[in-house]
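Engineer: As input, take run_28.cif (mmCIF, C-alpha atoms):
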```cif
data_work
#
loop_
_atom_site.group_PDB
_atom_site.id
_atom_site.type_symbol
_atom_site.label_atom_id
_atom_site.label_comp_id
_atom_site.auth_asym_id
_atom_site.auth_seq_id
_atom_site.Cartn_x
_atom_site.Cartn_y
_atom_site.Cartn_z
ATOM 1 C CA MET A 20 -14.278 9.715 -12.845
ATOM 2 C CA THR A 21 -12.733 7.741 -9.997
ATOM 3 C CA THR A 22 -10.086 9.683 -8.096
ATOM 4 C CA THR A 23 -7.326 7.518 -6.641
ATOM 5 C CA LEU A 24 -4.331 8.331 -4.451
ATOM 6 C CA ILE A 25 -1.404 5.898 -4.305
ATOM 7 C CA THR A 26 1.315 6.402 -1.708
ATOM 8 C CA GLY A 27 4.903 5.597 -2.674
ATOM 9 C CA ALA A 28 3.975 5.424 -6.348
ATOM 10 C CA ASN A 29 6.986 7.048 -8.001
ATOM 11 C CA ARG A 30 8.529 3.634 -8.796
ATOM 12 C CA GLY A 31 8.086 -0.123 -8.658
ATOM 13 C CA ILE A 32 4.711 -1.699 -8.007
ATOM 14 C CA GLY A 33 3.110 1.623 -7.041
ATOM 15 C CA ARG A 34 4.078 3.174 -10.353
ATOM 16 C CA GLU A 35 2.720 0.186 -12.279
ATOM 17 C CA ILE A 36 -0.558 0.335 -10.358
ATOM 18 C CA ALA A 37 -0.792 4.023 -11.242
ATOM 19 C CA ARG A 38 -0.144 3.342 -14.932
ATOM 20 C CA ARG A 39 -2.771 0.620 -15.089
ATOM 21 C CA LEU A 40 -5.416 2.696 -13.315
ATOM 22 C CA ILE A 41 -4.764 5.658 -15.595
ATOM 23 C CA ASP A 42 -5.233 3.319 -18.557
ATOM 24 C CA VAL A 43 -8.736 2.445 -17.343
ATOM 25 C CA GLY A 44 -9.664 6.104 -16.929
ATOM 26 C CA GLN A 45 -9.031 6.877 -13.274
ATOM 27 C CA ASN A 46 -7.772 10.261 -12.093
ATOM 28 C CA VAL A 47 -4.604 9.137 -10.308
ATOM 29 C CA TRP A 48 -2.581 11.075 -7.780
ATOM 30 C CA ILE A 49 0.927 9.874 -6.990
ATOM 31 C CA GLY A 50 2.037 10.525 -3.435
ATOM 32 C CA GLY A 51 5.745 10.505 -2.683
ATOM 33 C CA ARG A 52 8.359 11.964 -0.360
ATOM 34 C CA ASP A 53 10.655 13.245 -3.098
ATOM 35 C CA ALA A 54 9.110 16.013 -5.181
ATOM 36 C CA VAL A 55 11.529 15.650 -8.091
ATOM 37 C CA SER A 56 11.150 11.917 -8.728
ATOM 38 C CA GLY A 57 7.464 12.024 -7.850
ATOM 39 C CA GLN A 58 6.662 14.844 -10.250
ATOM 40 C CA ASP A 59 8.742 13.183 -12.961
ATOM 41 C CA ALA A 60 6.817 9.920 -12.557
ATOM 42 C CA ALA A 61 3.502 11.756 -12.616
ATOM 43 C CA ASP A 62 4.441 13.685 -15.750
ATOM 44 C CA ARG A 63 5.531 10.531 -17.561
ATOM 45 C CA LEU A 64 2.363 8.660 -16.623
ATOM 46 C CA GLY A 65 -0.155 11.445 -17.016
ATOM 47 C CA ALA A 66 -0.925 11.458 -13.295
ATOM 48 C CA ARG A 67 -0.916 14.235 -10.715
ATOM 49 C CA PHE A 68 1.644 14.509 -7.945
ATOM 50 C CA VAL A 69 1.271 15.460 -4.306
ATOM 51 C CA GLN A 70 4.181 15.534 -1.862
ATOM 52 C CA LEU A 71 3.380 13.029 0.866
ATOM 53 C CA ASP A 72 5.687 11.577 3.503
ATOM 54 C CA VAL A 73 3.625 8.986 5.367
ATOM 55 C CA THR A 74 5.843 9.348 8.459
ATOM 56 C CA ASP A 75 5.131 13.068 8.841
ATOM 57 C CA ASP A 76 1.842 14.471 10.161
ATOM 58 C CA GLY A 77 2.377 17.867 8.543
ATOM 59 C CA SER A 78 3.096 16.355 5.138
ATOM 60 C CA VAL A 79 0.023 14.129 5.277
ATOM 61 C CA ASP A 80 -2.210 16.994 6.409
ATOM 62 C CA ALA A 81 -0.882 19.161 3.565
ATOM 63 C CA ALA A 82 -1.643 16.391 1.063
ATOM 64 C CA VAL A 83 -5.196 16.149 2.383
ATOM 65 C CA ALA A 84 -5.582 19.914 2.004
ATOM 66 C CA THR A 85 -4.290 19.751 -1.585
ATOM 67 C CA LEU A 86 -6.742 17.063 -2.639
ATOM 68 C CA HIS A 87 -9.577 18.788 -0.803
ATOM 69 C CA GLU A 88 -8.882 22.000 -2.693
ATOM 70 C CA ARG A 89 -8.195 20.434 -6.095
ATOM 71 C CA VAL A 90 -10.744 17.594 -6.158
ATOM 72 C CA GLY A 91 -12.929 17.750 -3.062
ATOM 73 C CA HIS A 92 -13.125 13.987 -2.563
ATOM 74 C CA LEU A 93 -11.225 10.716 -2.823
ATOM 75 C CA ASP A 94 -12.680 7.448 -4.097
ATOM 76 C CA VAL A 95 -9.768 5.029 -3.699
ATOM 77 C CA LEU A 96 -6.774 5.203 -1.362
ATOM 78 C CA ILE A 97 -3.974 2.709 -2.001
ATOM 79 C CA ASN A 98 -1.553 2.491 0.924
ATOM 80 C CA ASN A 99 1.446 1.218 -1.014
ATOM 81 C CA ALA A 100 4.382 3.015 0.668
ATOM 82 C CA GLY A 101 6.602 0.589 2.549
ATOM 83 C CA ILE A 102 10.208 -0.161 3.417
ATOM 84 C CA LEU A 103 12.173 -3.348 4.081
ATOM 85 C CA GLY A 104 14.399 -1.879 6.759
ATOM 86 C CA GLU A 105 17.642 -3.370 8.007
ATOM 87 C CA VAL A 106 17.607 -7.154 7.726
ATOM 88 C CA THR A 107 18.724 -8.514 11.103
ATOM 89 C CA ALA A 108 18.560 -12.003 12.563
ATOM 90 C CA PRO A 109 15.812 -12.124 15.219
ATOM 91 C CA GLU A 110 18.285 -12.962 17.995
ATOM 92 C CA HIS A 111 20.179 -9.740 17.287
ATOM 93 C CA MET A 112 17.115 -7.596 16.636
ATOM 94 C CA THR A 113 16.431 -4.619 18.866
ATOM 95 C CA ALA A 114 13.499 -2.258 19.076
ATOM 96 C CA ASP A 115 15.422 0.196 16.914
ATOM 97 C CA HIS A 116 15.476 -2.326 14.054
ATOM 98 C CA LEU A 117 11.669 -2.375 14.146
ATOM 99 C CA ARG A 118 11.047 1.299 14.701
ATOM 100 C CA ASP A 119 11.724 2.687 11.206
ATOM 101 C CA VAL A 120 9.914 -0.186 9.499
ATOM 102 C CA TYR A 121 6.826 0.189 11.667
ATOM 103 C CA GLU A 122 6.881 3.978 11.328
ATOM 104 C CA THR A 123 6.403 3.661 7.576
ATOM 105 C CA ASN A 124 4.603 0.354 7.082
ATOM 106 C CA VAL A 125 2.217 0.463 10.038
ATOM 107 C CA PHE A 126 2.013 3.904 11.642
ATOM 108 C CA GLY A 127 2.247 5.581 8.246
ATOM 109 C CA LEU A 128 -0.681 3.542 6.959
ATOM 110 C CA VAL A 129 -2.759 4.475 10.002
ATOM 111 C CA ARG A 130 -1.742 8.128 9.726
ATOM 112 C CA VAL A 131 -2.723 8.366 6.062
ATOM 113 C CA THR A 132 -5.942 6.385 6.444
ATOM 114 C CA HIS A 133 -7.140 8.462 9.377
ATOM 115 C CA ALA A 134 -6.327 11.740 7.645
ATOM 116 C CA PHE A 135 -8.049 10.857 4.363
ATOM 117 C CA LEU A 136 -11.230 9.287 5.774
ATOM 118 C CA PRO A 137 -13.255 12.520 5.488
ATOM 119 C CA LEU A 138 -12.331 12.858 1.797
ATOM 120 C CA LEU A 139 -13.107 9.183 1.223
ATOM 121 C CA ARG A 140 -16.516 9.621 2.783
ATOM 122 C CA ALA A 141 -17.136 12.433 0.304
ATOM 123 C CA GLY A 142 -16.347 10.086 -2.597
ATOM 124 C CA SER A 143 -18.276 7.422 -4.470
ATOM 125 C CA ASN A 144 -17.977 3.791 -3.328
ATOM 126 C CA PRO A 145 -14.977 4.688 -1.125
ATOM 127 C CA SER A 146 -12.306 2.026 -0.920
ATOM 128 C CA VAL A 147 -8.967 1.597 0.846
ATOM 129 C CA VAL A 148 -6.488 -0.921 -0.556
ATOM 130 C CA ASN A 149 -3.624 -1.801 1.781
ATOM 131 C CA VAL A 150 -0.555 -3.448 0.279
ATOM 132 C CA THR A 151 0.411 -6.301 2.588
ATOM 133 C CA SER A 152 2.710 -9.279 1.998
ATOM 134 C CA GLY A 153 2.733 -13.042 2.290
ATOM 135 C CA MET A 154 5.738 -12.429 4.527
ATOM 136 C CA GLY A 155 3.173 -11.450 7.164
ATOM 137 C CA SER A 156 1.251 -14.726 6.844
ATOM 138 C CA PHE A 157 1.918 -17.434 9.444
ATOM 139 C CA ALA A 158 0.693 -20.096 7.021
ATOM 140 C CA LEU A 159 2.950 -19.058 4.145
ATOM 141 C CA THR A 160 6.093 -18.375 6.160
ATOM 142 C CA GLN A 161 5.782 -21.847 7.734
ATOM 143 C CA ASP A 162 5.204 -23.660 4.433
ATOM 144 C CA PRO A 163 8.529 -24.958 3.023
ATOM 145 C CA ALA A 164 6.991 -25.064 -0.450
ATOM 146 C CA ARG A 165 6.491 -21.289 -0.409
ATOM 147 C CA VAL A 166 9.133 -18.681 -1.147
ATOM 148 C CA GLU A 167 7.987 -16.718 1.925
ATOM 149 C CA SER A 168 9.444 -19.427 4.180
ATOM 150 C CA ARG A 169 12.977 -18.774 2.927
ATOM 151 C CA TYR A 170 13.425 -15.249 4.290
ATOM 152 C CA PRO A 171 13.725 -14.478 8.047
ATOM 153 C CA LEU A 172 12.434 -10.922 7.736
ATOM 154 C CA ALA A 173 11.120 -10.432 11.254
ATOM 155 C CA ALA A 174 10.698 -6.652 11.150
ATOM 156 C CA TYR A 175 9.181 -6.432 7.679
ATOM 157 C CA GLY A 176 7.087 -9.586 8.036
ATOM 158 C CA SER A 177 5.604 -8.619 11.381
ATOM 159 C CA SER A 178 4.807 -5.141 10.051
ATOM 160 C CA LYS A 179 2.806 -6.735 7.244
ATOM 161 C CA SER A 180 0.993 -8.981 9.736
ATOM 162 C CA ALA A 181 -0.064 -5.742 11.384
ATOM 163 C CA VAL A 182 -1.200 -4.308 8.040
ATOM 164 C CA THR A 183 -3.417 -7.322 7.410
ATOM 165 C CA MET A 184 -4.938 -7.216 10.889
ATOM 166 C CA LEU A 185 -5.502 -3.465 10.715
ATOM 167 C CA THR A 186 -7.299 -3.986 7.405
ATOM 168 C CA THR A 187 -9.701 -6.511 8.898
ATOM 169 C CA GLN A 188 -10.351 -4.295 11.917
ATOM 170 C CA TYR A 189 -11.056 -1.256 9.746
ATOM 171 C CA ALA A 190 -13.403 -3.380 7.634
ATOM 172 C CA LYS A 191 -15.338 -4.599 10.687
ATOM 173 C CA THR A 192 -15.775 -1.175 12.232
ATOM 174 C CA ILE A 193 -16.092 1.248 9.281
ATOM 175 C CA PRO A 194 -18.923 -0.133 7.136
ATOM 176 C CA ASP A 195 -19.260 2.926 4.889
ATOM 177 C CA VAL A 196 -15.731 2.447 3.471
ATOM 178 C CA ARG A 197 -14.444 -0.799 1.965
ATOM 179 C CA PHE A 198 -11.078 -2.020 3.275
ATOM 180 C CA ASN A 199 -9.091 -4.785 1.604
ATOM 181 C CA ALA A 200 -5.496 -5.985 1.682
ATOM 182 C CA VAL A 201 -3.579 -7.209 -1.360
ATOM 183 C CA ASP A 202 -0.334 -9.168 -1.604
ATOM 184 C CA PRO A 203 1.787 -8.422 -4.708
ATOM 185 C CA GLY A 204 3.922 -11.525 -4.106
ATOM 186 C CA GLN A 205 7.646 -11.584 -4.713
ATOM 187 C CA THR A 206 8.001 -8.989 -7.466
ATOM 188 C CA ALA A 207 11.129 -8.068 -9.399
ATOM 189 C CA THR A 208 11.779 -4.490 -8.242
ATOM 190 C CA ASP A 209 14.588 -2.613 -6.499
ATOM 191 C CA PHE A 210 12.876 -3.665 -3.258
ATOM 192 C CA THR A 211 13.576 -7.383 -3.891
ATOM 193 C CA GLY A 212 16.841 -7.042 -5.783
ATOM 194 C CA HIS A 213 14.891 -7.718 -8.986
ATOM 195 C CA VAL A 214 13.971 -11.255 -7.964
ATOM 196 C CA GLY A 215 10.472 -12.577 -8.605
ATOM 197 C CA HIS A 216 7.662 -12.230 -11.088
ATOM 198 C CA SER A 217 7.038 -9.160 -13.234
ATOM 199 C CA VAL A 218 5.911 -5.792 -11.938
ATOM 200 C CA ALA A 219 2.779 -6.190 -14.052
ATOM 201 C CA GLU A 220 1.946 -9.406 -12.175
ATOM 202 C CA GLY A 221 2.724 -7.760 -8.843
ATOM 203 C CA ALA A 222 0.258 -4.967 -9.559
ATOM 204 C CA GLU A 223 -2.634 -7.219 -10.578
ATOM 205 C CA ALA A 224 -4.311 -7.709 -7.195
ATOM 206 C CA ALA A 225 -4.318 -4.004 -6.320
ATOM 207 C CA VAL A 226 -5.589 -2.994 -9.761
ATOM 208 C CA ARG A 227 -8.388 -5.567 -9.581
ATOM 209 C CA VAL A 228 -9.647 -4.383 -6.192
ATOM 210 C CA ALA A 229 -9.268 -0.698 -7.100
ATOM 211 C CA THR A 230 -11.489 -1.109 -10.149
ATOM 212 C CA LEU A 231 -14.420 -3.033 -8.652
ATOM 213 C CA GLY A 232 -16.434 0.107 -7.866
ATOM 214 C CA PRO A 233 -19.765 -0.676 -6.159
ATOM 215 C CA ALA A 234 -18.925 -4.416 -6.253
ATOM 216 C CA THR A 235 -15.896 -3.939 -3.981
ATOM 217 C CA PRO A 236 -16.008 -6.347 -1.027
ATOM 218 C CA THR A 237 -14.562 -5.535 2.375
ATOM 219 C CA GLY A 238 -12.269 -7.384 4.741
ATOM 220 C CA THR A 239 -10.548 -9.538 2.125
ATOM 221 C CA VAL A 240 -6.877 -10.450 1.784
ATOM 222 C CA THR A 241 -5.975 -11.561 -1.738
ATOM 223 C CA ASP A 242 -3.172 -11.904 -4.245
ATOM 224 C CA ARG A 243 -3.488 -12.271 -8.008
ATOM 225 C CA GLU A 244 -4.507 -15.930 -7.617
ATOM 226 C CA GLY A 245 -7.099 -15.611 -4.849
ATOM 227 C CA THR A 246 -7.376 -15.587 -1.068
ATOM 228 C CA VAL A 247 -4.120 -15.400 0.888
ATOM 229 C CA PRO A 248 -4.068 -17.860 3.823
ATOM 230 C CA TRP A 249 -3.608 -16.301 7.204
#
```
Spit out the file's structure as structure tokens when you get a sec.
Structural biologist:
Amino acid sequence: MTTTLITGANRGIGREIARRLIDVGQNVWIGGRDAVSGQDAADRLGARFVQLDVTDDGSVDAAVATLHERVGHLDVLINNAGILGEVTAPEHMTADHLRDVYETNVFGLVRVTHAFLPLLRAGSNPSVVNVTSGMGSFALTQDPARVESRYPLAAYGSSKSAVTMLTTQYAKTIPDVRFNAVDPGQTATDFTGHVGHSVAEGAEAAVRVATLGPATPTGTVTDREGTVPW
């Protein structure tokens, strides 16, 4: 049975990804900062919960120790945890406006990936799925026909550019683990003010990549319709 860990999966897209992967028979662990909401989500879905704050080394190390003791390996890691941060016009943006967003969206992803690599290497067909965004795509944010061009989200968008680039660099340099990025698109959750397509549609790309097994590619950036332009 495939063992999968999803960060930030107590609600929204992460929760829907968890539900769908449980439905296809995966052993899913929900990682979340809040033990109450995380355990509640896990109980409702039939998943397992592990406390995991991606911004905290001790919390991540404890989560690794829990999965090592309880399972002994990890097959799929989905780095889903992310925040929007304070929306500020670029001319008024300071380093502090970026710091919290990068701590979760970029440094948190690196922290979790680095910590779980040994468990991934003990798994079968190990795969890392990083949740990026079209808001980090130069092509999409400059295309007036695309919704991504309507939002000046400098902190969030640039953090997702970093996620995509990190994914490609991991893929080029770690051949024994597959690394791919997926874009949920504008999805109707608390994160977007419930604007966009359904949560089910937002989860499609991540679910597809997480269920490819030995056929999983590496170094791709896709949404539910195909390749995301860079």
Engineer: Using the chain letters and numbers from the file, which residues does the PyMOL selection byres ((chain A and resi 235) around 10) grab, as a CSV table (one decimal) with C-alpha atoms, in the coordinates of the input?
Structural biologist:
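Saved result, out_24.csv, follows:
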```csv
chain,number,residue,atom,x,y,z
A,144,ASN,CA,-18.0,3.8,-3.3
A,145,PRO,CA,-15.0,4.7,-1.1
A,146,SER,CA,-12.3,2.0,-0.9
A,196,VAL,CA,-15.7,2.4,3.5
A,197,ARG,CA,-14.4,-0.8,2.0
A,198,PHE,CA,-11.1,-2.0,3.3
A,199,ASN,CA,-9.1,-4.8,1.6
A,227,ARG,CA,-8.4,-5.6,-9.6
A,228,VAL,CA,-9.6,-4.4,-6.2
A,229,ALA,CA,-9.3,-0.7,-7.1
A,230,THR,CA,-11.5,-1.1,-10.1
A,231,LEU,CA,-14.4,-3.0,-8.7
A,232,GLY,CA,-16.4,0.1,-7.9
A,233,PRO,CA,-19.8,-0.7,-6.2
A,234,ALA,CA,-18.9,-4.4,-6.3
A,236,PRO,CA,-16.0,-6.3,-1.0
A,237,THR,CA,-14.6,-5.5,2.4
A,239,THR,CA,-10.5,-9.5,2.1
```
Engineer: To test your reading of the syntax: which residues would the PyMOL selection byres ((chain A and resi 247) around 10) return for the file shown? Reply as a count of residues only.
Structural biologist: 18
Engineer: Could you expand the PyMOL selection byres ((chain A and resi 49-52) around 6) into the explicit residues it covers here, written as a list in words?
Structural biologist: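 Applied to this file, the PyMOL selection byres ((chain A and resi 49-52) around 6) returns Ile25, Thr26, Gly27, Ala28, Trp48, Asp53, Gly57, Phe68, Val69, Gln70, Leu71 and Asp72 of chain A.
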Engineer: Pick the closest to A:Pro109 from A:Ile32, A:Ile97, A:Ala174, A:Leu24: which is it, counting only C-alpha atoms?
Structural biologist: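 Result for the nearest residue to A:Pro109: A:Ala174.
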Engineer: Please, what distance in Å, to one decimal, runs between atom CA of A:Ala190 and atom CA of A:Val226?
Structural biologist: 19.1 Å
Engineer: Could you state the separation of atom CA of A:Asp195 and atom CA of A:Leu93 in Å, given to one decimal place?
Structural biologist: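 Calculated distance between atom CA of A:Asp195 and atom CA of A:Leu93 is 13.6 Å.
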Engineer: Need to verify the contact set: A:Asp115, 12 Å, all atoms listed in the file, exclusion of same-chain residues closer than 5 positions in sequence. Can you return it as a PyMOL selection string?
Structural biologist: chain A and resi 104-107+120-122+174
Engineer: Do you know which residues are at most 10 Å from A:Phe135 counting all atoms listed in the file, after dropping those on the same chain fewer than 5 positions away, and could you put them as a ChimeraX atom specification?
Structural biologist: /A:24,79-80,82-84,86-87,92-93,96,130,140,147
Engineer: Go through A:Ala60, A:Ser168, A:Glu110, A:Val73 one by one, measure the shortest atom-to-atom distance of each to A:His133 using all atoms listed in the file, and give the residue with the smallest value.
Structural biologist: A:Val73
Engineer: Please provide the set of residues having any atom within 6 Å of A:Asp94, restricted to all atoms listed in the file, with same-chain residues fewer than 4 positions apart removed, written as a PyMOL selection string.
Structural biologist: chain A and resi 21-23+139+142-143+145
Engineer: From the options A:Ile41, A:Ala134, A:Asn46, A:Gly238, which residue's atoms come nearest to A:Gln188, counting all atoms listed in the file?
Structural biologist: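 Looking only at the distances to A:Gln188, the closest residue turns out to be A:Gly238.
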Engineer: Using Å and a single decimal, report how far atom CA of A:Thr151 sits from atom CA of A:Ala108.
Structural biologist: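 Interatomic distance here is 21.5 Å.
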Engineer: Between A:Ser178, A:Thr74, A:Thr160, A:Asn99, which is the closest to A:Val125 once you count all atoms listed in the file?
Structural biologist: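 With all atoms listed in the file as the atom set, the closest residue is A:Ser178.
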Engineer: Missing atoms in stretch 159-180 of chain A: can you complete it with N, CA, C and O atoms, as a PDB file, in the coordinates of the input?
Structural biologist:
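Generated output (result.pdb):
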```pdb
ATOM      1  N   LEU A 159       2.001 -19.052   5.254  1.00  0.00           N
ATOM      2  CA  LEU A 159       2.950 -19.058   4.145  1.00  0.00           C
ATOM      3  C   LEU A 159       4.395 -19.094   4.617  1.00  0.00           C
ATOM      4  O   LEU A 159       5.240 -19.759   4.010  1.00  0.00           O
ATOM      5  N   THR A 160       4.709 -18.399   5.687  1.00  0.00           N
ATOM      6  CA  THR A 160       6.093 -18.375   6.160  1.00  0.00           C
ATOM      7  C   THR A 160       6.484 -19.697   6.832  1.00  0.00           C
ATOM      8  O   THR A 160       7.672 -19.945   7.051  1.00  0.00           O
ATOM      9  N   GLN A 161       5.495 -20.542   7.143  1.00  0.00           N
ATOM     10  CA  GLN A 161       5.782 -21.847   7.734  1.00  0.00           C
ATOM     11  C   GLN A 161       5.665 -22.987   6.726  1.00  0.00           C
ATOM     12  O   GLN A 161       5.847 -24.157   7.085  1.00  0.00           O
ATOM     13  N   ASP A 162       5.383 -22.650   5.479  1.00  0.00           N
ATOM     14  CA  ASP A 162       5.204 -23.660   4.433  1.00  0.00           C
ATOM     15  C   ASP A 162       6.493 -23.763   3.613  1.00  0.00           C
ATOM     16  O   ASP A 162       6.825 -22.850   2.849  1.00  0.00           O
ATOM     17  N   PRO A 163       7.244 -24.859   3.728  1.00  0.00           N
ATOM     18  CA  PRO A 163       8.529 -24.958   3.023  1.00  0.00           C
ATOM     19  C   PRO A 163       8.397 -24.922   1.506  1.00  0.00           C
ATOM     20  O   PRO A 163       9.396 -24.698   0.811  1.00  0.00           O
ATOM     21  N   ALA A 164       7.192 -25.123   0.997  1.00  0.00           N
ATOM     22  CA  ALA A 164       6.991 -25.064  -0.450  1.00  0.00           C
ATOM     23  C   ALA A 164       6.847 -23.630  -0.954  1.00  0.00           C
ATOM     24  O   ALA A 164       6.873 -23.394  -2.168  1.00  0.00           O
ATOM     25  N   ARG A 165       6.713 -22.692  -0.034  1.00  0.00           N
ATOM     26  CA  ARG A 165       6.491 -21.289  -0.409  1.00  0.00           C
ATOM     27  C   ARG A 165       7.774 -20.484  -0.266  1.00  0.00           C
ATOM     28  O   ARG A 165       8.568 -20.692   0.655  1.00  0.00           O
ATOM     29  N   VAL A 166       7.943 -19.525  -1.182  1.00  0.00           N
ATOM     30  CA  VAL A 166       9.133 -18.681  -1.147  1.00  0.00           C
ATOM     31  C   VAL A 166       9.185 -17.853   0.136  1.00  0.00           C
ATOM     32  O   VAL A 166      10.263 -17.516   0.634  1.00  0.00           O
ATOM     33  N   GLU A 167       8.017 -17.536   0.708  1.00  0.00           N
ATOM     34  CA  GLU A 167       7.987 -16.718   1.925  1.00  0.00           C
ATOM     35  C   GLU A 167       8.702 -17.390   3.090  1.00  0.00           C
ATOM     36  O   GLU A 167       9.149 -16.704   4.026  1.00  0.00           O
ATOM     37  N   SER A 168       8.811 -18.710   3.068  1.00  0.00           N
ATOM     38  CA  SER A 168       9.444 -19.427   4.180  1.00  0.00           C
ATOM     39  C   SER A 168      10.968 -19.330   4.155  1.00  0.00           C
ATOM     40  O   SER A 168      11.637 -19.725   5.114  1.00  0.00           O
ATOM     41  N   ARG A 169      11.519 -18.788   3.083  1.00  0.00           N
ATOM     42  CA  ARG A 169      12.977 -18.774   2.927  1.00  0.00           C
ATOM     43  C   ARG A 169      13.644 -17.523   3.501  1.00  0.00           C
ATOM     44  O   ARG A 169      14.867 -17.445   3.554  1.00  0.00           O
ATOM     45  N   TYR A 170      12.851 -16.526   3.882  1.00  0.00           N
ATOM     46  CA  TYR A 170      13.425 -15.249   4.290  1.00  0.00           C
ATOM     47  C   TYR A 170      13.053 -14.921   5.738  1.00  0.00           C
ATOM     48  O   TYR A 170      11.875 -14.711   6.042  1.00  0.00           O
ATOM     49  N   PRO A 171      14.022 -14.833   6.650  1.00  0.00           N
ATOM     50  CA  PRO A 171      13.725 -14.478   8.047  1.00  0.00           C
ATOM     51  C   PRO A 171      13.640 -12.964   8.228  1.00  0.00           C
ATOM     52  O   PRO A 171      14.527 -12.334   8.823  1.00  0.00           O
ATOM     53  N   LEU A 172      12.599 -12.381   7.693  1.00  0.00           N
ATOM     54  CA  LEU A 172      12.434 -10.922   7.736  1.00  0.00           C
ATOM     55  C   LEU A 172      11.475 -10.556   8.866  1.00  0.00           C
ATOM     56  O   LEU A 172      10.306 -10.238   8.650  1.00  0.00           O
ATOM     57  N   ALA A 173      11.987 -10.607  10.089  1.00  0.00           N
ATOM     58  CA  ALA A 173      11.120 -10.432  11.254  1.00  0.00           C
ATOM     59  C   ALA A 173      10.478  -9.047  11.308  1.00  0.00           C
ATOM     60  O   ALA A 173       9.288  -8.916  11.598  1.00  0.00           O
ATOM     61  N   ALA A 174      11.249  -8.010  11.066  1.00  0.00           N
ATOM     62  CA  ALA A 174      10.698  -6.652  11.150  1.00  0.00           C
ATOM     63  C   ALA A 174       9.678  -6.413  10.041  1.00  0.00           C
ATOM     64  O   ALA A 174       8.538  -6.003  10.296  1.00  0.00           O
ATOM     65  N   TYR A 175      10.080  -6.660   8.805  1.00  0.00           N
ATOM     66  CA  TYR A 175       9.181  -6.432   7.679  1.00  0.00           C
ATOM     67  C   TYR A 175       7.963  -7.351   7.751  1.00  0.00           C
ATOM     68  O   TYR A 175       6.817  -6.911   7.600  1.00  0.00           O
ATOM     69  N   GLY A 176       8.199  -8.643   8.006  1.00  0.00           N
ATOM     70  CA  GLY A 176       7.087  -9.586   8.036  1.00  0.00           C
ATOM     71  C   GLY A 176       6.075  -9.260   9.107  1.00  0.00           C
ATOM     72  O   GLY A 176       4.860  -9.290   8.870  1.00  0.00           O
ATOM     73  N   SER A 177       6.545  -8.941  10.304  1.00  0.00           N
ATOM     74  CA  SER A 177       5.604  -8.619  11.381  1.00  0.00           C
ATOM     75  C   SER A 177       4.864  -7.321  11.110  1.00  0.00           C
ATOM     76  O   SER A 177       3.696  -7.169  11.491  1.00  0.00           O
ATOM     77  N   SER A 178       5.512  -6.382  10.405  1.00  0.00           N
ATOM     78  CA  SER A 178       4.807  -5.141  10.051  1.00  0.00           C
ATOM     79  C   SER A 178       3.668  -5.429   9.089  1.00  0.00           C
ATOM     80  O   SER A 178       2.604  -4.805   9.151  1.00  0.00           O
ATOM     81  N   LYS A 179       3.859  -6.394   8.196  1.00  0.00           N
ATOM     82  CA  LYS A 179       2.806  -6.735   7.244  1.00  0.00           C
ATOM     83  C   LYS A 179       1.708  -7.571   7.896  1.00  0.00           C
ATOM     84  O   LYS A 179       0.547  -7.521   7.469  1.00  0.00           O
ATOM     85  N   SER A 180       2.046  -8.339   8.938  1.00  0.00           N
ATOM     86  CA  SER A 180       0.993  -8.981   9.736  1.00  0.00           C
ATOM     87  C   SER A 180       0.090  -7.912  10.337  1.00  0.00           C
ATOM     88  O   SER A 180      -1.136  -8.054  10.370  1.00  0.00           O
TER      89      SER A 180
END
```
